[in-house]
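The file target22.cif comes next; it holds mmCIF, C-alpha atoms.
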```
data_work
loop_
_atom_site.label_atom_id
_atom_site.label_comp_id
_atom_site.auth_asym_id
_atom_site.auth_seq_id
_atom_site.Cartn_x
_atom_site.Cartn_y
_atom_site.Cartn_z
CA MET A 1465 90.97 83.03 102.00
CA THR A 1466 90.33 85.94 99.65
CA ALA A 1467 92.63 88.95 99.46
CA PRO A 1468 91.22 92.18 100.88
CA SER A 1469 89.19 94.01 98.28
CA GLU A 1470 90.41 97.39 97.07
CA ALA A 1471 86.78 98.38 96.69
CA PRO A 1472 84.60 98.77 99.80
CA ILE A 1473 82.63 95.70 100.85
CA VAL A 1474 79.05 95.83 102.08
CA LEU A 1475 77.97 92.85 104.19
CA ARG A 1476 74.20 92.43 104.29
CA ALA A 1477 72.30 90.13 106.61
CA ARG A 1478 68.96 89.88 108.33
CA ARG A 1479 70.37 90.71 111.79
CA TRP A 1480 73.45 91.97 113.61
CA ALA A 1481 74.45 91.83 117.26
CA ASP A 1482 75.06 95.11 119.03
CA VAL A 1483 76.95 93.38 121.82
CA GLY A 1484 77.72 96.59 123.68
CA ALA A 1485 74.03 97.44 123.95
CA GLY A 1486 73.04 93.81 124.47
CA GLU A 1487 70.61 93.76 121.54
CA VAL A 1488 70.20 92.00 118.22
CA ARG A 1489 69.11 94.53 115.58
CA SER A 1490 67.65 94.18 112.10
CA PRO A 1491 68.57 94.49 109.29
CA ALA A 1492 72.35 94.64 108.86
CA ALA A 1493 74.47 96.51 106.34
CA ILE A 1494 78.11 96.80 107.41
CA VAL A 1495 80.58 98.65 105.25
CA VAL A 1496 84.20 97.46 105.29
CA GLU A 1497 87.07 99.38 103.72
CA GLY A 1498 90.49 97.78 103.94
CA ASN A 1499 90.65 96.12 107.35
CA ARG A 1500 88.21 98.45 109.14
CA ILE A 1501 84.46 98.83 109.55
CA THR A 1502 83.60 102.27 108.20
CA ALA A 1503 79.81 102.29 108.69
CA VAL A 1504 76.95 100.28 110.17
CA ASN A 1505 73.58 100.66 108.44
CA PRO A 1506 74.43 103.92 106.67
CA ALA A 1507 71.77 105.83 104.78
CA GLU A 1508 73.80 105.27 101.61
CA THR A 1509 76.48 102.71 100.80
CA PRO A 1510 79.64 103.62 98.86
CA ALA A 1511 79.45 103.64 95.09
CA GLY A 1512 81.20 100.70 93.50
CA ALA A 1513 81.14 98.61 96.66
CA THR A 1514 81.23 94.82 96.46
CA GLU A 1515 77.98 93.51 97.97
CA ILE A 1516 77.90 90.23 99.90
CA ASP A 1517 74.36 89.27 100.88
CA LEU A 1518 74.55 86.58 103.56
CA GLY A 1519 70.80 86.24 103.95
CA ASP A 1520 69.05 84.98 107.08
CA VAL A 1521 72.00 85.10 109.47
CA THR A 1522 73.19 87.23 112.36
CA LEU A 1523 76.46 89.13 112.06
CA LEU A 1524 78.67 89.04 115.16
CA PRO A 1525 82.07 90.42 116.06
CA GLY A 1526 84.78 87.79 115.71
CA LEU A 1527 84.77 85.61 118.82
CA MET A 1528 87.78 85.32 121.14
CA ASP A 1529 89.31 82.44 123.11
CA MET A 1530 91.50 83.63 125.96
CA GLU A 1531 93.10 80.28 126.80
CA LEU A 1532 94.28 77.66 124.38
CA ASN A 1533 97.46 76.03 123.15
CA PHE A 1534 97.85 75.48 119.42
CA LEU A 1535 101.13 73.56 119.89
CA ILE A 1536 99.39 70.47 121.26
CA GLY A 1537 96.29 68.55 120.27
CA GLY A 1538 94.95 68.44 116.76
CA PRO A 1539 93.23 66.25 114.21
CA GLU A 1540 95.29 63.13 114.88
CA THR A 1541 95.09 63.42 118.65
CA PRO A 1542 92.31 61.57 120.52
CA THR A 1543 90.12 63.78 122.66
CA GLY A 1544 90.97 63.73 126.35
CA LEU A 1545 93.99 62.82 128.43
CA PRO A 1546 96.67 61.71 128.88
CA LEU A 1547 98.22 63.81 126.14
CA PRO A 1548 100.73 62.16 123.79
CA MET A 1549 104.35 62.76 124.76
CA HIS A 1550 104.79 65.85 122.59
CA GLY A 1551 107.65 67.02 124.79
CA VAL A 1552 109.95 64.24 123.66
CA GLN A 1553 108.34 62.93 120.45
CA ASP A 1554 107.66 66.11 118.46
CA ASP A 1555 110.48 68.38 117.37
CA PRO A 1556 109.85 72.15 117.23
CA ALA A 1557 109.34 72.18 113.45
CA TYR A 1558 106.68 69.46 113.56
CA ARG A 1559 105.00 71.13 116.52
CA SER A 1560 104.85 74.46 114.70
CA ILE A 1561 103.20 72.83 111.68
CA ARG A 1562 100.68 71.23 114.04
CA ALA A 1563 99.92 74.69 115.41
CA THR A 1564 99.14 76.09 111.96
CA LEU A 1565 96.52 73.37 111.43
CA ASN A 1566 94.93 74.04 114.81
CA ALA A 1567 95.00 77.79 114.15
CA ARG A 1568 93.13 77.41 110.87
CA THR A 1569 90.53 75.13 112.46
CA THR A 1570 89.94 77.70 115.19
CA LEU A 1571 89.64 80.61 112.76
CA LEU A 1572 87.07 78.78 110.66
CA ALA A 1573 85.10 78.12 113.86
CA GLY A 1574 84.65 81.90 114.16
CA PHE A 1575 87.40 82.73 116.66
CA THR A 1576 89.47 85.55 115.21
CA THR A 1577 91.57 86.44 118.29
CA VAL A 1578 93.15 84.11 120.86
CA ARG A 1579 95.69 84.01 123.65
CA ASN A 1580 98.12 81.08 123.28
CA LEU A 1581 98.92 80.57 126.94
CA GLY A 1582 102.22 78.97 127.56
CA LEU A 1583 104.15 76.09 126.08
CA MET A 1584 104.71 73.07 128.30
CA VAL A 1585 107.11 71.28 126.00
CA LYS A 1586 110.85 71.36 125.39
CA THR A 1587 111.75 73.72 122.53
CA GLY A 1588 115.37 74.64 123.09
CA GLY A 1589 114.17 78.06 124.19
CA TYR A 1590 112.30 78.89 120.98
CA LEU A 1591 108.93 80.63 121.41
CA LEU A 1592 107.01 78.66 118.82
CA ASP A 1593 103.71 80.46 119.33
CA VAL A 1594 105.47 83.74 118.55
CA ALA A 1595 106.71 82.21 115.29
CA VAL A 1596 103.20 81.02 114.38
CA GLN A 1597 101.81 84.46 115.24
CA ARG A 1598 104.33 86.06 112.87
CA ALA A 1599 103.47 83.63 110.07
CA ILE A 1600 99.76 84.41 110.44
CA ASP A 1601 100.34 88.16 110.64
CA GLN A 1602 102.41 88.02 107.45
CA GLY A 1603 99.67 86.11 105.63
CA TRP A 1604 101.64 82.89 105.13
CA VAL A 1605 98.99 80.76 106.84
CA ASP A 1606 95.39 81.30 107.93
CA GLY A 1607 94.69 81.70 111.62
CA PRO A 1608 93.38 84.00 114.30
CA ARG A 1609 95.19 86.97 115.75
CA ILE A 1610 97.46 85.44 118.43
CA ILE A 1611 98.58 87.01 121.69
CA PRO A 1612 101.43 84.61 122.53
CA ALA A 1613 102.83 83.82 125.99
CA GLY A 1614 105.91 81.87 124.96
CA HIS A 1615 106.68 79.49 127.81
CA ALA A 1616 104.62 79.44 130.99
CA VAL A 1617 106.63 80.46 134.05
CA THR A 1618 106.53 77.47 136.38
CA PRO A 1619 108.54 76.12 139.33
CA TYR A 1620 110.29 72.76 139.34
CA GLY A 1621 107.55 70.20 139.82
CA GLY A 1622 104.86 72.77 139.06
CA HIS A 1623 101.69 72.05 137.17
CA LEU A 1624 103.12 73.22 133.84
CA ASP A 1625 106.50 71.53 134.22
CA PRO A 1626 106.41 69.12 131.24
CA THR A 1627 108.48 66.52 133.08
CA VAL A 1628 105.63 66.33 135.61
CA PHE A 1629 102.97 65.95 132.92
CA GLN A 1630 104.93 63.15 131.28
CA ARG A 1631 106.31 61.58 134.48
CA LEU A 1632 109.91 61.60 133.27
CA ALA A 1633 112.82 60.45 135.39
CA PRO A 1634 115.41 63.01 136.59
CA GLY A 1635 117.81 64.15 133.90
CA ILE A 1636 115.73 62.89 130.97
CA MET A 1637 114.63 66.35 129.81
CA PRO A 1638 116.59 69.17 131.46
CA LEU A 1639 114.88 72.56 131.21
CA SER A 1640 116.00 76.15 131.75
CA ILE A 1641 114.44 79.55 132.37
CA GLY A 1642 114.32 79.90 128.58
CA GLU A 1643 111.75 77.11 128.66
CA GLY A 1644 109.83 78.49 131.61
CA ILE A 1645 111.34 76.67 134.61
CA ALA A 1646 112.23 79.22 137.30
CA ASN A 1647 112.61 79.19 141.08
CA GLY A 1648 113.04 82.17 143.38
CA VAL A 1649 112.52 85.87 142.77
CA GLY A 1650 115.66 86.33 140.69
CA GLU A 1651 114.92 83.46 138.34
CA VAL A 1652 111.26 84.32 137.80
CA ARG A 1653 112.25 87.87 136.86
CA ALA A 1654 114.82 86.51 134.41
CA CYS A 1655 112.27 84.07 133.01
CA VAL A 1656 109.71 86.82 132.38
CA ARG A 1657 112.39 88.94 130.72
CA TYR A 1658 113.35 86.02 128.47
CA GLN A 1659 109.79 85.53 127.22
CA LEU A 1660 109.36 89.27 126.63
CA ARG A 1661 112.70 89.56 124.88
CA HIS A 1662 111.68 86.93 122.36
CA GLY A 1663 108.21 88.23 121.58
CA ALA A 1664 105.72 87.18 124.26
CA LYS A 1665 102.77 89.59 124.51
CA VAL A 1666 101.32 88.10 127.69
CA ILE A 1667 102.97 86.22 130.58
CA LYS A 1668 101.52 82.94 131.84
CA VAL A 1669 102.40 81.70 135.33
CA SER A 1670 101.61 78.40 137.02
CA ALA A 1671 100.43 79.59 140.43
CA SER A 1672 98.77 76.43 141.73
CA GLY A 1673 98.59 72.71 141.23
CA GLY A 1674 96.31 71.37 138.54
CA VAL A 1675 93.76 68.66 137.98
CA MET A 1676 95.38 66.88 135.04
CA SER A 1677 99.02 66.74 136.13
CA HIS A 1678 101.05 64.76 138.65
CA SER A 1679 102.16 67.83 140.55
CA THR A 1680 100.95 68.99 143.95
CA GLY A 1681 97.23 69.03 144.75
CA PRO A 1682 95.10 71.33 142.61
CA GLY A 1683 94.39 73.64 145.51
CA SER A 1684 98.01 74.18 146.52
CA GLN A 1685 99.85 77.46 145.92
CA GLN A 1686 103.07 76.68 144.02
CA TYR A 1687 104.79 80.07 143.88
CA SER A 1688 105.31 82.20 146.98
CA ASP A 1689 103.64 85.59 147.35
CA GLU A 1690 107.02 87.24 146.71
CA GLU A 1691 107.58 85.30 143.48
CA LEU A 1692 104.08 86.09 142.20
CA ALA A 1693 104.56 89.79 142.96
CA ALA A 1694 107.93 89.78 141.16
CA ILE A 1695 106.37 88.18 138.06
CA ALA A 1696 103.58 90.75 137.98
CA ASP A 1697 105.99 93.63 138.53
CA GLU A 1698 108.37 92.50 135.80
CA ALA A 1699 105.60 92.11 133.24
CA HIS A 1700 103.75 95.29 134.15
CA ARG A 1701 106.86 97.45 133.88
CA ALA A 1702 107.05 96.23 130.29
CA GLY A 1703 103.37 97.02 129.73
CA VAL A 1704 102.36 93.36 129.50
CA ARG A 1705 99.60 91.59 131.42
CA VAL A 1706 99.86 88.35 133.40
CA ALA A 1707 97.58 85.33 133.33
CA ALA A 1708 97.80 82.78 136.13
CA HIS A 1709 96.80 79.14 136.14
CA ALA A 1710 95.22 79.04 139.58
CA VAL A 1711 92.73 76.43 140.77
CA GLY A 1712 92.85 76.65 144.56
CA ASP A 1713 91.25 79.41 146.62
CA ARG A 1714 94.48 80.37 148.36
CA ALA A 1715 96.38 80.57 145.08
CA VAL A 1716 93.67 82.66 143.43
CA ARG A 1717 93.67 85.07 146.35
CA ALA A 1718 97.47 85.33 146.24
CA CYS A 1719 97.32 86.14 142.52
CA VAL A 1720 94.80 88.92 143.09
CA ARG A 1721 96.89 90.44 145.87
CA ALA A 1722 100.04 90.20 143.73
CA GLY A 1723 98.36 92.28 141.02
CA ILE A 1724 98.06 89.51 138.46
CA ASP A 1725 95.53 90.53 135.83
CA CYS A 1726 93.72 87.30 135.03
CA VAL A 1727 93.00 83.98 136.71
CA GLU A 1728 92.61 80.88 134.54
CA HIS A 1729 90.14 78.29 135.90
CA GLY A 1730 89.67 79.48 139.51
CA PHE A 1731 87.71 76.29 140.11
CA LEU A 1732 87.96 76.26 143.92
CA ALA A 1733 87.65 80.01 144.53
CA GLY A 1734 85.35 80.83 147.45
CA GLU A 1735 82.87 83.66 147.73
CA GLU A 1736 85.25 85.98 149.61
CA THR A 1737 87.94 85.46 146.98
CA LEU A 1738 85.48 86.06 144.15
CA ALA A 1739 84.40 89.29 145.85
CA LEU A 1740 88.09 90.28 146.05
CA MET A 1741 88.48 89.58 142.32
CA ALA A 1742 85.49 91.78 141.53
CA GLU A 1743 86.87 94.55 143.76
CA HIS A 1744 90.29 94.46 142.07
CA GLY A 1745 88.91 94.06 138.55
CA THR A 1746 90.72 90.74 138.13
CA PHE A 1747 89.50 88.83 135.07
CA LEU A 1748 88.39 85.21 135.25
CA VAL A 1749 88.75 82.79 132.34
CA SER A 1750 86.70 79.98 133.78
CA THR A 1751 87.22 77.27 131.09
CA THR A 1752 83.75 76.07 132.00
CA TYR A 1753 82.96 73.58 129.24
CA LEU A 1754 85.91 71.32 129.97
CA THR A 1755 84.43 70.46 133.38
CA ASP A 1756 81.46 68.98 131.51
CA ALA A 1757 83.13 67.45 128.50
CA MET A 1758 86.75 66.51 129.18
CA ASP A 1759 87.24 62.80 128.60
CA VAL A 1760 89.33 61.67 131.57
CA GLY A 1761 88.56 57.97 131.13
CA ARG A 1762 92.11 57.19 129.95
CA ALA A 1763 93.82 59.36 132.56
CA ALA A 1764 95.68 57.89 135.51
CA PRO A 1765 93.45 56.86 138.44
CA GLU A 1766 94.74 59.66 140.69
CA LEU A 1767 93.92 62.24 138.00
CA ARG A 1768 90.43 60.84 137.53
CA LYS A 1769 89.96 61.08 141.29
CA LYS A 1770 91.01 64.74 141.29
CA ALA A 1771 88.65 65.52 138.41
CA ALA A 1772 85.76 63.84 140.23
CA GLU A 1773 86.42 66.05 143.26
CA VAL A 1774 87.21 69.35 141.54
CA PHE A 1775 84.92 69.55 138.50
CA PRO A 1776 81.62 69.54 140.45
CA ARG A 1777 82.95 72.32 142.68
CA ALA A 1778 84.01 74.26 139.57
CA ARG A 1779 80.50 74.02 138.19
CA SER A 1780 79.11 75.61 141.35
CA MET A 1781 81.82 78.29 141.44
CA LEU A 1782 80.88 80.04 138.22
CA PRO A 1783 77.33 81.09 139.18
CA LYS A 1784 78.85 82.67 142.29
CA ALA A 1785 81.41 84.51 140.16
CA ILE A 1786 78.65 85.80 137.89
CA ALA A 1787 76.63 86.99 140.88
CA ALA A 1788 79.71 88.67 142.40
CA GLY A 1789 80.28 90.72 139.25
CA VAL A 1790 83.64 89.19 138.33
CA ARG A 1791 84.79 90.13 134.83
CA ILE A 1792 84.48 86.83 132.98
CA ALA A 1793 86.17 86.30 129.61
CA CYS A 1794 85.78 83.32 127.31
CA GLY A 1795 88.42 80.57 127.22
CA THR A 1796 88.40 76.85 126.53
CA ASP A 1797 91.84 75.46 127.47
CA ALA A 1798 91.87 73.71 124.08
CA PRO A 1799 92.95 71.02 123.41
CA ALA A 1800 91.33 69.95 126.69
CA VAL A 1801 88.33 70.87 124.55
CA PRO A 1802 89.11 69.95 120.91
CA HIS A 1803 90.32 72.77 118.68
CA GLY A 1804 87.33 74.00 116.68
CA ASP A 1805 84.79 73.25 119.43
CA ASN A 1806 85.56 76.58 121.10
CA ALA A 1807 81.99 77.93 120.85
CA LYS A 1808 80.75 75.19 123.17
CA GLU A 1809 82.21 77.31 125.97
CA LEU A 1810 79.51 79.93 125.34
CA ALA A 1811 76.77 77.34 125.82
CA ALA A 1812 78.43 76.23 129.05
CA LEU A 1813 78.49 79.82 130.32
CA VAL A 1814 74.76 80.07 129.62
CA SER A 1815 74.16 76.78 131.43
CA ARG A 1816 75.85 78.30 134.51
CA GLY A 1817 73.59 81.35 134.60
CA MET A 1818 74.68 83.87 131.97
CA THR A 1819 72.19 85.12 129.43
CA PRO A 1820 73.15 84.41 125.81
CA MET A 1821 74.08 88.08 125.34
CA GLN A 1822 76.26 87.97 128.45
CA ALA A 1823 78.04 84.93 127.04
CA LEU A 1824 78.57 86.74 123.74
CA ARG A 1825 79.94 89.69 125.68
CA ALA A 1826 82.39 87.37 127.47
CA ALA A 1827 83.67 86.18 124.08
CA THR A 1828 83.87 89.67 122.56
CA VAL A 1829 83.80 92.86 124.63
CA THR A 1830 85.22 91.45 127.88
CA SER A 1831 87.89 89.42 126.11
CA ALA A 1832 88.88 92.50 124.11
CA GLU A 1833 89.19 94.42 127.38
CA LEU A 1834 91.39 91.66 128.80
CA VAL A 1835 93.87 91.95 125.93
CA GLU A 1836 93.57 95.76 125.94
CA LEU A 1837 92.22 95.89 122.38
CA ASP A 1838 88.70 97.02 123.24
CA HIS A 1839 89.19 100.18 121.20
CA GLU A 1840 89.27 98.12 117.99
CA LEU A 1841 87.97 94.60 118.68
CA GLY A 1842 84.85 93.03 120.14
CA ARG A 1843 82.15 95.23 118.56
CA LEU A 1844 80.63 95.92 115.17
CA GLU A 1845 81.25 99.66 115.18
CA GLU A 1846 82.71 102.28 112.90
CA GLY A 1847 86.49 102.36 113.18
CA PHE A 1848 86.81 98.85 114.61
CA LEU A 1849 88.77 96.10 112.87
CA ALA A 1850 86.69 94.13 110.39
CA ASP A 1851 86.53 90.86 112.32
CA ILE A 1852 83.00 89.71 111.47
CA ILE A 1853 81.34 86.30 111.53
CA ALA A 1854 77.84 85.10 110.66
CA VAL A 1855 75.71 82.46 112.35
CA PRO A 1856 72.21 81.20 111.55
CA GLY A 1857 69.25 82.20 113.67
CA ASP A 1858 69.39 84.55 116.64
CA PRO A 1859 72.17 83.86 119.17
CA SER A 1860 70.44 86.03 121.77
CA ARG A 1861 67.74 83.34 121.85
CA ASP A 1862 69.84 80.25 121.15
CA ILE A 1863 73.54 80.54 121.93
CA THR A 1864 74.29 77.16 120.33
CA VAL A 1865 74.01 78.69 116.84
CA THR A 1866 77.55 80.04 117.45
CA GLN A 1867 78.67 76.45 116.85
CA ASP A 1868 77.54 76.75 113.21
CA VAL A 1869 79.60 79.57 111.73
CA ARG A 1870 78.76 80.28 108.09
CA PHE A 1871 81.00 83.27 107.34
CA VAL A 1872 84.34 84.46 108.71
CA MET A 1873 86.06 87.74 107.95
CA LYS A 1874 89.23 88.74 109.78
CA ASP A 1875 91.00 92.04 109.16
CA GLY A 1876 88.79 92.59 106.12
CA ARG A 1877 89.73 89.25 104.51
CA VAL A 1878 87.04 86.63 103.88
CA HIS A 1879 88.20 83.23 105.11
CA LYS A 1880 84.89 81.35 104.97
CA ASN A 1881 81.58 81.86 103.18
CA THR A 1882 79.33 78.81 103.05
#
```
Mind converting the file's structure to structure tokens?
Amino acid sequence: MTAPSEAPIVLRARRWADVGAGEVRSPAAIVVEGNRITAVNPAETPAGATEIDLGDVTLLPGLMDMELNFLIGGPETPTGLPLPMHGVQDDPAYRSIRATLNARTTLLAGFTTVRNLGLMVKTGGYLLDVAVQRAIDQGWVDGPRIIPAGHAVTPYGGHLDPTVFQRLAPGIMPLSIGEGIANGVGEVRACVRYQLRHGAKVIKVSASGGVMSHSTGPGSQQYSDEELAAIADEAHRAGVRVAAHAVGDRAVRACVRAGIDCVEHGFLAGEETLALMAEHGTFLVSTTYLTDAMDVGRAAPELRKKAAEVFPRARSMLPKAIAAGVRIACGTDAPAVPHGDNAKELAALVSRGMTPMQALRAATVTSAELVELDHELGRLEEGFLADIIAVPGDPSRDITVTQDVRFVMKDGRVHKNT
């Protein structure tokens, strides 16, 4: 990483993506001063500016991943499931160091903003993703801008209850609302307040069963309508949005009606529910690539069976969501997809019916809208933060070039230039 230059920087390239207009334009000359873009293709560039000529590449806004978890997975972890027993084997300090490695890998892959959606491990109540966010913001380690969720709010036996993931006997790993376990309206309100008090910037809730856990069926609704409404109310009064893990149609519909802002996965959502999402403006983070690429060969037989039933239906859901006009943001659920392979989600979105520019929009403009930073992220425009990456070729013709990131600037700092 290089320190931000006191002199203006001019980035030159053959092309740049005007994602808002849906066009790739040529040539590119982007002026950066401090951590902001101050001009795009000006008639004159500032005197004394540092010129960086990147050649035959396309400049893009920094990409965004709206669902991942830096605290698990990583270079020593085999791809796929079952996950190692991080909840009982890794202490919080080790887990935080793991997260810094995953954060750097993700940044160098061109993803400059992410949502870290909910720990599912025992931490003694510490919000480790908040700590990693602070370390990155203070420049101690390299990583993307993190919107942290702290602990996911989940009921006993819910999909994100770590004792369910790791099939632990009763009493082996007691958990509290400080670690996300909450039942009933009073407890879920207290749990949301705990996460907010200690620095969460988004609330994650486990609203349905999941595919890769030993909880209830993936289509089942795990929190009542009243509990979901209480979670949304508590977060919204604090000005914070809510993301819900919801696979089943009934659970997705309940989340929309409760006022939850974003549905993660939505694999079994039907056409009427998708229409309701579009009507309410509910975002969908479809985690599409994992349904193609997740290695479930080492998972328990019952989990493999669920994946065989759910993943094909998920693949057919997304084209319907696109046609319905649902607001689709980019998310991978890494490490279900390995950290650093995040851009493969864009290719999966294209394979389901998006154009390459629509997929880029999902990973920039729409994701920025989801995290309410669309006034300064997601576009290469004057006044926006200088999150800029470069890829070879023309991503409006071949979206897979986003998997070969040659240059990464975040907040005006150059982190990669190959």
Inset, instruction - Taking the file as shown, find all residues satisfying the PyMOL selection byres ((chain A and resi 1801-1804) around 7) and write them as a ChimeraX atom specification. - result: /A:1538,1543,1566,1569-1570,1573,1754,1758,1796-1800,1805-1806
Inset, instruction - Check what the PyMOL selection byres ((chain A and resi 1559) around 9) selects in the file above and give those residues as an NGL selection string. - result: :A and (1534-1536 or 1550 or 1554-1558 or 1560-1564 or 1592)
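Counting only C-alpha atoms, the residue from A:Thr1522, A:Thr1830, A:Ser1780, A:Asn1533 that sits nearest to Ala1854 in chain A is A:Thr1522.
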Enumerate, in order of chain and increasing residue number, the residues of range 1750-1839 of chain A with an atom no farther than 10 Å from range 1485-1507 of chain A, each with its shortest atom pair and distance in Å to one decimal, counting only C-alpha atoms, as CSV.
```
residue,atom,partner,partner_atom,distance
A:Pro1820,CA,A:Gly1486,CA,9.5
A:Met1821,CA,A:Gly1486,CA,5.9
A:Gln1822,CA,A:Gly1486,CA,7.8
A:Leu1824,CA,A:Gly1486,CA,9.0
A:Arg1825,CA,A:Gly1486,CA,8.1
```
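In this structure, CA of Val1716 in chain A sits 24.9 Å away from CA of Tyr1658 in chain A.
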Inset, instruction - Would you please work out which residue, of A:Val1605, A:Ala1827, A:Leu1738, A:Cys1794, is nearest to Met1781 in chain A when using all atoms listed in the file? - result: A:Leu1738
Inset, instruction - With the file shown as input, list the residues that the PyMOL selection byres ((chain A and resi 1878) around 12) selects, as number ranges by chain. - result: A: 1465-1469, 1473, 1475, 1496, 1498-1499, 1516, 1571-1572, 1574, 1576, 1606-1607, 1850-1854, 1870-1877, 1879-1882
Can those selected residues be exported to a file as a compact mmCIF listing (two decimals), in the frame of the given file so that it contains C-alpha atoms?
```txt
# COMPACT_ATOMS: atom_id res chain seq x y z
CA MET A 1465 90.97 83.03 102.00
CA THR A 1466 90.33 85.94 99.65
CA ALA A 1467 92.63 88.95 99.46
CA PRO A 1468 91.22 92.18 100.88
CA SER A 1469 89.19 94.01 98.28
CA ILE A 1473 82.63 95.70 100.85
CA LEU A 1475 77.97 92.85 104.19
CA VAL A 1496 84.20 97.46 105.29
CA GLY A 1498 90.49 97.78 103.94
CA ASN A 1499 90.65 96.12 107.35
CA ILE A 1516 77.90 90.23 99.90
CA LEU A 1571 89.64 80.61 112.76
CA LEU A 1572 87.07 78.78 110.66
CA GLY A 1574 84.65 81.90 114.16
CA THR A 1576 89.47 85.55 115.21
CA ASP A 1606 95.39 81.30 107.93
CA GLY A 1607 94.69 81.70 111.62
CA ALA A 1850 86.69 94.13 110.39
CA ASP A 1851 86.53 90.86 112.32
CA ILE A 1852 83.00 89.71 111.47
CA ILE A 1853 81.34 86.30 111.53
CA ALA A 1854 77.84 85.10 110.66
CA ARG A 1870 78.76 80.28 108.09
CA PHE A 1871 81.00 83.27 107.34
CA VAL A 1872 84.34 84.46 108.71
CA MET A 1873 86.06 87.74 107.95
CA LYS A 1874 89.23 88.74 109.78
CA ASP A 1875 91.00 92.04 109.16
CA GLY A 1876 88.79 92.59 106.12
CA ARG A 1877 89.73 89.25 104.51
CA HIS A 1879 88.20 83.23 105.11
CA LYS A 1880 84.89 81.35 104.97
CA ASN A 1881 81.58 81.86 103.18
CA THR A 1882 79.33 78.81 103.05
```
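Nearest residue to Glu1691 in chain A, choosing from A:Asp1713, A:Glu1846, A:Glu1651, A:Glu1743 and counting only C-alpha atoms: A:Glu1651.
Closest to Glu1735 in chain A among A:Glu1773, A:Lys1784, A:Ala1696, A:Gly1484 is A:Lys1784, based on all atoms listed in the file.
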Should you be able to, write range 1470-1480 of chain A of this structure into a file that contains N, CA, C and O atoms, as a JSON list (two decimals), in the first residue's frame.
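What ended up in part.json:
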```json
[["chain", "number", "residue", "atom", "x", "y", "z"],
["A", 1470, "GLU", "N", 0.25, 13.75, -1.59],
["A", 1470, "GLU", "CA", -0.17, 15.13, -1.33],
["A", 1470, "GLU", "C", -0.49, 15.84, -2.64],
["A", 1470, "GLU", "O", -1.34, 16.72, -2.68],
["A", 1471, "ALA", "N", 0.20, 15.45, -3.69],
["A", 1471, "ALA", "CA", -0.09, 16.01, -5.01],
["A", 1471, "ALA", "C", -1.27, 15.28, -5.62],
["A", 1471, "ALA", "O", -1.54, 14.11, -5.30],
["A", 1472, "PRO", "N", -2.02, 15.93, -6.50],
["A", 1472, "PRO", "CA", -3.10, 15.22, -7.20],
["A", 1472, "PRO", "C", -2.54, 14.05, -8.00],
["A", 1472, "PRO", "O", -1.37, 14.04, -8.40],
["A", 1473, "ILE", "N", -3.37, 13.04, -8.20],
["A", 1473, "ILE", "CA", -3.03, 11.87, -9.01],
["A", 1473, "ILE", "C", -3.94, 11.86, -10.23],
["A", 1473, "ILE", "O", -5.15, 12.08, -10.10],
["A", 1474, "VAL", "N", -3.37, 11.60, -11.38],
["A", 1474, "VAL", "CA", -4.16, 11.41, -12.60],
["A", 1474, "VAL", "C", -4.00, 9.96, -13.04],
["A", 1474, "VAL", "O", -2.89, 9.52, -13.36],
["A", 1475, "LEU", "N", -5.12, 9.22, -13.02],
["A", 1475, "LEU", "CA", -5.12, 7.84, -13.51],
["A", 1475, "LEU", "C", -5.54, 7.86, -14.97],
["A", 1475, "LEU", "O", -6.61, 8.37, -15.31],
["A", 1476, "ARG", "N", -4.69, 7.30, -15.83],
["A", 1476, "ARG", "CA", -5.01, 7.23, -17.25],
["A", 1476, "ARG", "C", -5.17, 5.77, -17.66],
["A", 1476, "ARG", "O", -4.45, 4.88, -17.19],
["A", 1477, "ALA", "N", -6.14, 5.53, -18.52],
["A", 1477, "ALA", "CA", -6.39, 4.19, -19.03],
["A", 1477, "ALA", "C", -7.11, 4.29, -20.36],
["A", 1477, "ALA", "O", -7.60, 5.37, -20.73],
["A", 1478, "ARG", "N", -7.20, 3.18, -21.04],
["A", 1478, "ARG", "CA", -7.86, 3.20, -22.35],
["A", 1478, "ARG", "C", -9.36, 3.39, -22.21],
["A", 1478, "ARG", "O", -10.00, 4.03, -23.06],
["A", 1479, "ARG", "N", -9.95, 2.84, -21.14],
["A", 1479, "ARG", "CA", -11.42, 2.88, -20.99],
["A", 1479, "ARG", "C", -11.79, 3.13, -19.53],
["A", 1479, "ARG", "O", -10.99, 2.88, -18.62],
["A", 1480, "TRP", "N", -13.04, 3.55, -19.32],
["A", 1480, "TRP", "CA", -13.61, 3.61, -17.98],
["A", 1480, "TRP", "C", -15.10, 3.29, -18.06],
["A", 1480, "TRP", "O", -15.74, 3.52, -19.09]]
```
